[in-house]
$ cat model_30.pdb   # PDB, C-alpha atoms, pLDDT in the B column
ATOM      1  CA  MET Z   1      58.632  27.286 -59.898  1.00 66.00           C
ATOM      2  CA  ALA Z   2      55.305  29.072 -59.974  1.00 74.00           C
ATOM      3  CA  ILE Z   3      53.406  30.978 -62.611  1.00 78.00           C
ATOM      4  CA  GLN Z   4      52.793  34.531 -61.534  1.00 78.00           C
ATOM      5  CA  HIS Z   5      50.942  37.394 -63.095  1.00 81.00           C
ATOM      6  CA  SER Z   6      52.338  40.894 -63.040  1.00 81.00           C
ATOM      7  CA  PRO Z   7      50.432  44.139 -62.948  1.00 81.00           C
ATOM      8  CA  ALA Z   8      50.417  46.249 -66.076  1.00 84.00           C
ATOM      9  CA  LEU Z   9      53.866  47.636 -66.860  1.00 87.00           C
ATOM     10  CA  THR Z  10      54.779  51.037 -68.218  1.00 87.00           C
ATOM     11  CA  ARG Z  11      57.943  51.967 -70.059  1.00 87.00           C
ATOM     12  CA  GLU Z  12      59.084  53.716 -66.870  1.00 88.00           C
ATOM     13  CA  THR Z  13      58.803  50.559 -64.715  1.00 88.00           C
ATOM     14  CA  ASN Z  14      62.069  49.866 -62.894  1.00 87.00           C
ATOM     15  CA  ASP Z  15      61.747  47.759 -59.748  1.00 85.00           C
ATOM     16  CA  THR Z  16      63.066  44.563 -58.162  1.00 82.00           C
ATOM     17  CA  MET Z  17      60.991  42.367 -60.484  1.00 81.00           C
ATOM     18  CA  PHE Z  18      61.398  44.226 -63.779  1.00 85.00           C
ATOM     19  CA  ASN Z  19      64.527  46.317 -64.273  1.00 85.00           C
ATOM     20  CA  THR Z  20      64.863  48.830 -67.108  1.00 87.00           C
ATOM     21  CA  ALA Z  21      66.637  46.398 -69.474  1.00 87.00           C
ATOM     22  CA  MET Z  22      63.932  43.749 -69.020  1.00 88.00           C
ATOM     23  CA  VAL Z  23      61.124  46.264 -69.490  1.00 89.00           C
ATOM     24  CA  THR Z  24      62.747  47.473 -72.717  1.00 91.00           C
ATOM     25  CA  LYS Z  25      62.922  43.880 -73.992  1.00 91.00           C
ATOM     26  CA  LEU Z  26      59.273  43.300 -73.079  1.00 91.00           C
ATOM     27  CA  PHE Z  27      58.103  46.434 -74.873  1.00 90.00           C
ATOM     28  CA  ASN Z  28      59.990  45.292 -77.986  1.00 92.00           C
ATOM     29  CA  THR Z  29      58.183  41.934 -77.916  1.00 92.00           C
ATOM     30  CA  PRO Z  30      54.936  41.686 -79.926  1.00 90.00           C
ATOM     31  CA  ALA Z  31      51.635  40.731 -78.299  1.00 87.00           C
ATOM     32  CA  GLY Z  32      51.491  36.974 -77.699  1.00 90.00           C
ATOM     33  CA  GLY Z  33      55.281  36.751 -77.792  1.00 92.00           C
ATOM     34  CA  VAL Z  34      57.571  35.375 -75.101  1.00 93.00           C
ATOM     35  CA  ASP Z  35      60.777  36.892 -73.779  1.00 92.00           C
ATOM     36  CA  PHE Z  36      63.070  36.257 -70.841  1.00 90.00           C
ATOM     37  CA  GLY Z  37      65.728  37.951 -68.805  1.00 86.00           C
ATOM     38  CA  PRO Z  38      67.179  38.407 -65.332  1.00 83.00           C
ATOM     39  CA  GLN Z  39      64.886  39.353 -62.475  1.00 82.00           C
ATOM     40  CA  GLY Z  40      66.467  42.492 -61.123  1.00 72.00           C
ATOM     41  CA  LEU Z  41      69.521  41.725 -58.983  1.00 73.00           C
ATOM     42  CA  SER Z  42      68.162  38.485 -57.480  1.00 77.00           C
ATOM     43  CA  GLY Z  43      69.916  36.121 -59.894  1.00 79.00           C
ATOM     44  CA  ASN Z  44      66.565  34.586 -60.889  1.00 84.00           C
ATOM     45  CA  TYR Z  45      65.153  34.628 -64.406  1.00 86.00           C
ATOM     46  CA  VAL Z  46      61.768  35.809 -65.617  1.00 86.00           C
ATOM     47  CA  ILE Z  47      60.045  34.191 -68.566  1.00 89.00           C
ATOM     48  CA  ALA Z  48      57.285  36.517 -69.692  1.00 89.00           C
ATOM     49  CA  ARG Z  49      54.436  36.039 -72.148  1.00 90.00           C
ATOM     50  CA  ILE Z  50      52.966  39.268 -73.471  1.00 89.00           C
ATOM     51  CA  THR Z  51      49.220  38.818 -73.079  1.00 86.00           C
ATOM     52  CA  GLY Z  52      48.017  42.278 -73.916  1.00 82.00           C
ATOM     53  CA  ILE Z  53      49.044  45.730 -74.944  1.00 80.00           C
ATOM     54  CA  THR Z  54      47.057  48.834 -74.193  1.00 82.00           C
ATOM     55  CA  HIS Z  55      47.632  52.370 -75.297  1.00 79.00           C
ATOM     56  CA  PRO Z  56      46.280  54.725 -72.681  1.00 81.00           C
ATOM     57  CA  LYS Z  57      44.553  57.824 -73.965  1.00 87.00           C
ATOM     58  CA  LEU Z  58      46.620  60.971 -73.854  1.00 87.00           C
ATOM     59  CA  ASP Z  59      45.339  63.907 -71.841  1.00 91.00           C
ATOM     60  CA  PRO Z  60      45.796  67.059 -73.933  1.00 92.00           C
ATOM     61  CA  ARG Z  61      45.687  69.112 -70.700  1.00 94.00           C
ATOM     62  CA  ASP Z  62      48.763  67.298 -69.309  1.00 93.00           C
ATOM     63  CA  PRO Z  63      51.684  69.781 -69.158  1.00 93.00           C
ATOM     64  CA  SER Z  64      54.098  67.109 -70.484  1.00 92.00           C
ATOM     65  CA  PHE Z  65      51.822  66.481 -73.460  1.00 92.00           C
ATOM     66  CA  GLN Z  66      51.499  70.213 -74.144  1.00 94.00           C
ATOM     67  CA  ALA Z  67      55.275  70.697 -73.980  1.00 95.00           C
ATOM     68  CA  GLY Z  68      55.835  67.787 -76.381  1.00 93.00           C
ATOM     69  CA  ALA Z  69      53.181  69.118 -78.764  1.00 93.00           C
ATOM     70  CA  ALA Z  70      54.802  72.571 -78.721  1.00 94.00           C
ATOM     71  CA  ARG Z  71      58.266  71.100 -79.485  1.00 94.00           C
ATOM     72  CA  PHE Z  72      56.797  69.004 -82.281  1.00 93.00           C
ATOM     73  CA  SER Z  73      54.997  72.043 -83.724  1.00 93.00           C
ATOM     74  CA  GLN Z  74      58.185  74.121 -83.681  1.00 91.00           C
ATOM     75  CA  THR Z  75      60.155  71.345 -85.373  1.00 91.00           C
ATOM     76  CA  VAL Z  76      57.547  70.877 -88.101  1.00 90.00           C
ATOM     77  CA  ALA Z  77      57.299  74.630 -88.684  1.00 88.00           C
ATOM     78  CA  GLY Z  78      61.084  74.893 -88.982  1.00 86.00           C
ATOM     79  CA  ASP Z  79      61.292  71.929 -91.352  1.00 88.00           C
ATOM     80  CA  PHE Z  80      58.415  73.288 -93.426  1.00 87.00           C
ATOM     81  CA  SER Z  81      59.952  76.746 -93.824  1.00 85.00           C
ATOM     82  CA  ILE Z  82      63.323  75.243 -94.802  1.00 86.00           C
ATOM     83  CA  ALA Z  83      61.639  72.950 -97.337  1.00 90.00           C
ATOM     84  CA  MET Z  84      59.705  75.871 -98.830  1.00 89.00           C
ATOM     85  CA  ALA Z  85      62.861  78.021 -99.079  1.00 87.00           C
ATOM     86  CA  ASN Z  86      64.777  75.166-100.728  1.00 86.00           C
ATOM     87  CA  ALA Z  87      61.935  74.587-103.205  1.00 91.00           C
ATOM     88  CA  ALA Z  88      61.822  78.292-104.094  1.00 89.00           C
ATOM     89  CA  ARG Z  89      65.613  78.380-104.606  1.00 87.00           C
ATOM     90  CA  ALA Z  90      65.500  75.253-106.767  1.00 89.00           C
ATOM     91  CA  ARG Z  91      62.637  76.628-108.847  1.00 91.00           C
ATOM     92  CA  GLN Z  92      64.510  79.900-109.443  1.00 91.00           C
ATOM     93  CA  GLY Z  93      67.845  78.177-110.059  1.00 89.00           C
ATOM     94  CA  VAL Z  94      69.572  80.062-107.225  1.00 85.00           C
ATOM     95  CA  LYS Z  95      72.876  78.767-105.857  1.00 84.00           C
ATOM     96  CA  VAL Z  96      73.751  79.694-102.262  1.00 80.00           C
ATOM     97  CA  ASN Z  97      77.351  80.067-101.136  1.00 82.00           C
ATOM     98  CA  GLN Z  98      77.026  78.522 -97.662  1.00 81.00           C
ATOM     99  CA  LYS Z  99      80.648  79.290 -96.725  1.00 87.00           C
ATOM    100  CA  LEU Z 100      80.136  82.992 -97.445  1.00 85.00           C
ATOM    101  CA  ILE Z 101      76.870  83.091 -95.489  1.00 80.00           C
ATOM    102  CA  ALA Z 102      78.479  81.301 -92.541  1.00 81.00           C
ATOM    103  CA  SER Z 103      81.407  83.734 -92.505  1.00 85.00           C
ATOM    104  CA  LEU Z 104      79.064  86.757 -92.648  1.00 83.00           C
ATOM    105  CA  THR Z 105      76.726  85.494 -89.923  1.00 81.00           C
ATOM    106  CA  GLY Z 106      79.408  83.992 -87.698  1.00 78.00           C
ATOM    107  CA  GLY Z 107      77.976  80.512 -88.249  1.00 67.00           C
ATOM    108  CA  ASN Z 108      81.369  78.817 -88.491  1.00 61.00           C
ATOM    109  CA  GLN Z 109      82.661  79.943 -85.080  1.00 56.00           C
TER     110      GLN Z 109
END
$ encode --input "model_30.pdb" --output "structure tokens"
Amino acid sequence: MAIQHSPALTRETNDTMFNTAMVTKLFNTPAGGVDFGPQGLSGNYVIARITGITHPKLDPRDPSFQAGAARFSQTVAGDFSIAMANAARARQGVKVNQKLIASLTGGNQ
């Protein structure tokens, strides 16, 4: 048995040493913690001590980041408009017949 050091892992790591299940366990372990699991398909076990966690800076020019930011913005805008409409209805004491609206707009098809 030998102590080995691994390179930094990412959540997408999936290789012969660290399969997806093991990487998920490691990322759920706090810094300084210890976890263990099978080493890929070899039948061996890995005992890992989490020695450090880094959070790489996000690049706002990255297309993946921009797409995620746009989806997040759309979701927040939708939630905000729904919350504002519900608040206005509640303030005015309006009751909405959802079944009637769904039948008129084809929402229940």
$ residues_around --input "model_30.pdb" --residues "segment 27-31 of chain Z" --least-positions-apart "5" --cutoff "10 Å" --atoms "only C-alpha atoms" --output "ChimeraX atom specification"
/Z:9-11,22,48-53
$ resolve_selection --input "model_30.pdb" --expression "the PyMOL selection byres ((chain Z and resi 38) around 10)" --output "PyMOL selection string"
chain Z and resi 17-19+21-22+36-37+39-47
$ write_last_selection --input "model_30.pdb" --atoms "C-alpha atoms" --output "PDB file, in the frame of the given file"
ATOM      1  CA  MET Z  17      60.991  42.367 -60.484  1.00 81.00           C
ATOM      2  CA  PHE Z  18      61.398  44.226 -63.779  1.00 85.00           C
ATOM      3  CA  ASN Z  19      64.527  46.317 -64.273  1.00 85.00           C
ATOM      4  CA  ALA Z  21      66.637  46.398 -69.474  1.00 87.00           C
ATOM      5  CA  MET Z  22      63.932  43.749 -69.020  1.00 88.00           C
ATOM      6  CA  PHE Z  36      63.070  36.257 -70.841  1.00 90.00           C
ATOM      7  CA  GLY Z  37      65.728  37.951 -68.805  1.00 86.00           C
ATOM      8  CA  GLN Z  39      64.886  39.353 -62.475  1.00 82.00           C
ATOM      9  CA  GLY Z  40      66.467  42.492 -61.123  1.00 72.00           C
ATOM     10  CA  LEU Z  41      69.521  41.725 -58.983  1.00 73.00           C
ATOM     11  CA  SER Z  42      68.162  38.485 -57.480  1.00 77.00           C
ATOM     12  CA  GLY Z  43      69.916  36.121 -59.894  1.00 79.00           C
ATOM     13  CA  ASN Z  44      66.565  34.586 -60.889  1.00 84.00           C
ATOM     14  CA  TYR Z  45      65.153  34.628 -64.406  1.00 86.00           C
ATOM     15  CA  VAL Z  46      61.768  35.809 -65.617  1.00 86.00           C
ATOM     16  CA  ILE Z  47      60.045  34.191 -68.566  1.00 89.00           C
TER      17      ILE Z  47
END
$ atom_distance --input "model_30.pdb" --atom1 "atom CA of Gly93 of chain Z" --atom2 "atom CA of Gly78 of chain Z"
22.4 Å
$ atom_distance --input "model_30.pdb" --atom1 "atom CA of Met84 of chain Z" --atom2 "atom CA of Leu104 of chain Z"
23.1 Å
$ atom_distance --input "model_30.pdb" --atom1 "atom CA of Ala67 of chain Z" --atom2 "atom CA of His55 of chain Z"
19.9 Å
$ build_atoms --input "model_30.pdb" --residues "segment 19-42 of chain Z" --atoms "N, CA, C and O atoms" --output "compact mmCIF listing (two decimals), in the frame of the given file"
# COMPACT_ATOMS: atom_id res chain seq x y z
N ASN Z 19 63.61 45.19 -64.15
CA ASN Z 19 64.53 46.32 -64.27
C ASN Z 19 64.35 46.96 -65.65
O ASN Z 19 63.63 46.46 -66.51
N THR Z 20 65.02 48.07 -65.87
CA THR Z 20 64.86 48.83 -67.11
C THR Z 20 65.18 48.00 -68.35
O THR Z 20 64.46 48.07 -69.34
N ALA Z 21 66.25 47.21 -68.31
CA ALA Z 21 66.64 46.40 -69.47
C ALA Z 21 65.55 45.38 -69.81
O ALA Z 21 65.21 45.18 -70.98
N MET Z 22 64.98 44.75 -68.79
CA MET Z 22 63.93 43.75 -69.02
C MET Z 22 62.67 44.42 -69.56
O MET Z 22 62.03 43.90 -70.48
N VAL Z 23 62.32 45.56 -69.02
CA VAL Z 23 61.12 46.26 -69.49
C VAL Z 23 61.29 46.66 -70.95
O VAL Z 23 60.37 46.52 -71.76
N THR Z 24 62.49 47.11 -71.32
CA THR Z 24 62.75 47.47 -72.72
C THR Z 24 62.56 46.26 -73.63
O THR Z 24 61.94 46.36 -74.69
N LYS Z 25 63.09 45.11 -73.20
CA LYS Z 25 62.92 43.88 -73.99
C LYS Z 25 61.44 43.53 -74.13
O LYS Z 25 60.98 43.16 -75.21
N LEU Z 26 60.69 43.66 -73.04
CA LEU Z 26 59.27 43.30 -73.08
C LEU Z 26 58.50 44.22 -74.02
O LEU Z 26 57.62 43.76 -74.75
N PHE Z 27 58.82 45.51 -73.99
CA PHE Z 27 58.10 46.43 -74.87
C PHE Z 27 58.50 46.26 -76.33
O PHE Z 27 57.80 46.74 -77.21
N ASN Z 28 59.60 45.58 -76.61
CA ASN Z 28 59.99 45.29 -77.99
C ASN Z 28 59.44 43.95 -78.47
O ASN Z 28 59.66 43.57 -79.62
N THR Z 29 58.75 43.23 -77.58
CA THR Z 29 58.18 41.93 -77.92
C THR Z 29 56.74 42.12 -78.36
O THR Z 29 55.98 42.81 -77.69
N PRO Z 30 56.32 41.51 -79.48
CA PRO Z 30 54.94 41.69 -79.93
C PRO Z 30 53.95 40.96 -79.01
O PRO Z 30 54.32 40.05 -78.26
N ALA Z 31 52.69 41.37 -79.08
CA ALA Z 31 51.64 40.73 -78.30
C ALA Z 31 51.61 39.23 -78.60
O ALA Z 31 51.74 38.80 -79.74
N GLY Z 32 51.50 38.43 -77.55
CA GLY Z 32 51.49 36.97 -77.70
C GLY Z 32 52.89 36.38 -77.68
O GLY Z 32 53.05 35.17 -77.59
N GLY Z 33 53.90 37.22 -77.77
CA GLY Z 33 55.28 36.75 -77.79
C GLY Z 33 55.79 36.41 -76.40
O GLY Z 33 55.16 36.70 -75.38
N VAL Z 34 56.94 35.77 -76.36
CA VAL Z 34 57.57 35.38 -75.10
C VAL Z 34 58.99 35.92 -75.09
O VAL Z 34 59.68 35.90 -76.10
N ASP Z 35 59.40 36.42 -73.93
CA ASP Z 35 60.78 36.89 -73.78
C ASP Z 35 61.24 36.53 -72.38
O ASP Z 35 60.45 36.15 -71.53
N PHE Z 36 62.53 36.62 -72.15
CA PHE Z 36 63.07 36.26 -70.84
C PHE Z 36 64.25 37.15 -70.51
O PHE Z 36 64.82 37.80 -71.38
N GLY Z 37 64.59 37.17 -69.24
CA GLY Z 37 65.73 37.95 -68.81
C GLY Z 37 65.88 37.87 -67.31
O GLY Z 37 65.07 37.26 -66.61
N PRO Z 38 66.93 38.46 -66.77
CA PRO Z 38 67.18 38.41 -65.33
C PRO Z 38 66.12 39.19 -64.55
O PRO Z 38 65.61 40.19 -65.02
N GLN Z 39 65.84 38.68 -63.36
CA GLN Z 39 64.89 39.35 -62.48
C GLN Z 39 65.66 40.28 -61.55
O GLN Z 39 66.16 39.87 -60.52
N GLY Z 40 65.76 41.52 -61.94
CA GLY Z 40 66.47 42.49 -61.12
C GLY Z 40 67.86 42.01 -60.74
O GLY Z 40 68.60 41.49 -61.57
N LEU Z 41 68.21 42.13 -59.47
CA LEU Z 41 69.52 41.72 -58.98
C LEU Z 41 69.48 40.40 -58.24
O LEU Z 41 70.47 39.99 -57.63
N SER Z 42 68.34 39.69 -58.28
CA SER Z 42 68.16 38.48 -57.48
C SER Z 42 68.92 37.27 -58.02
O SER Z 42 69.14 36.31 -57.29
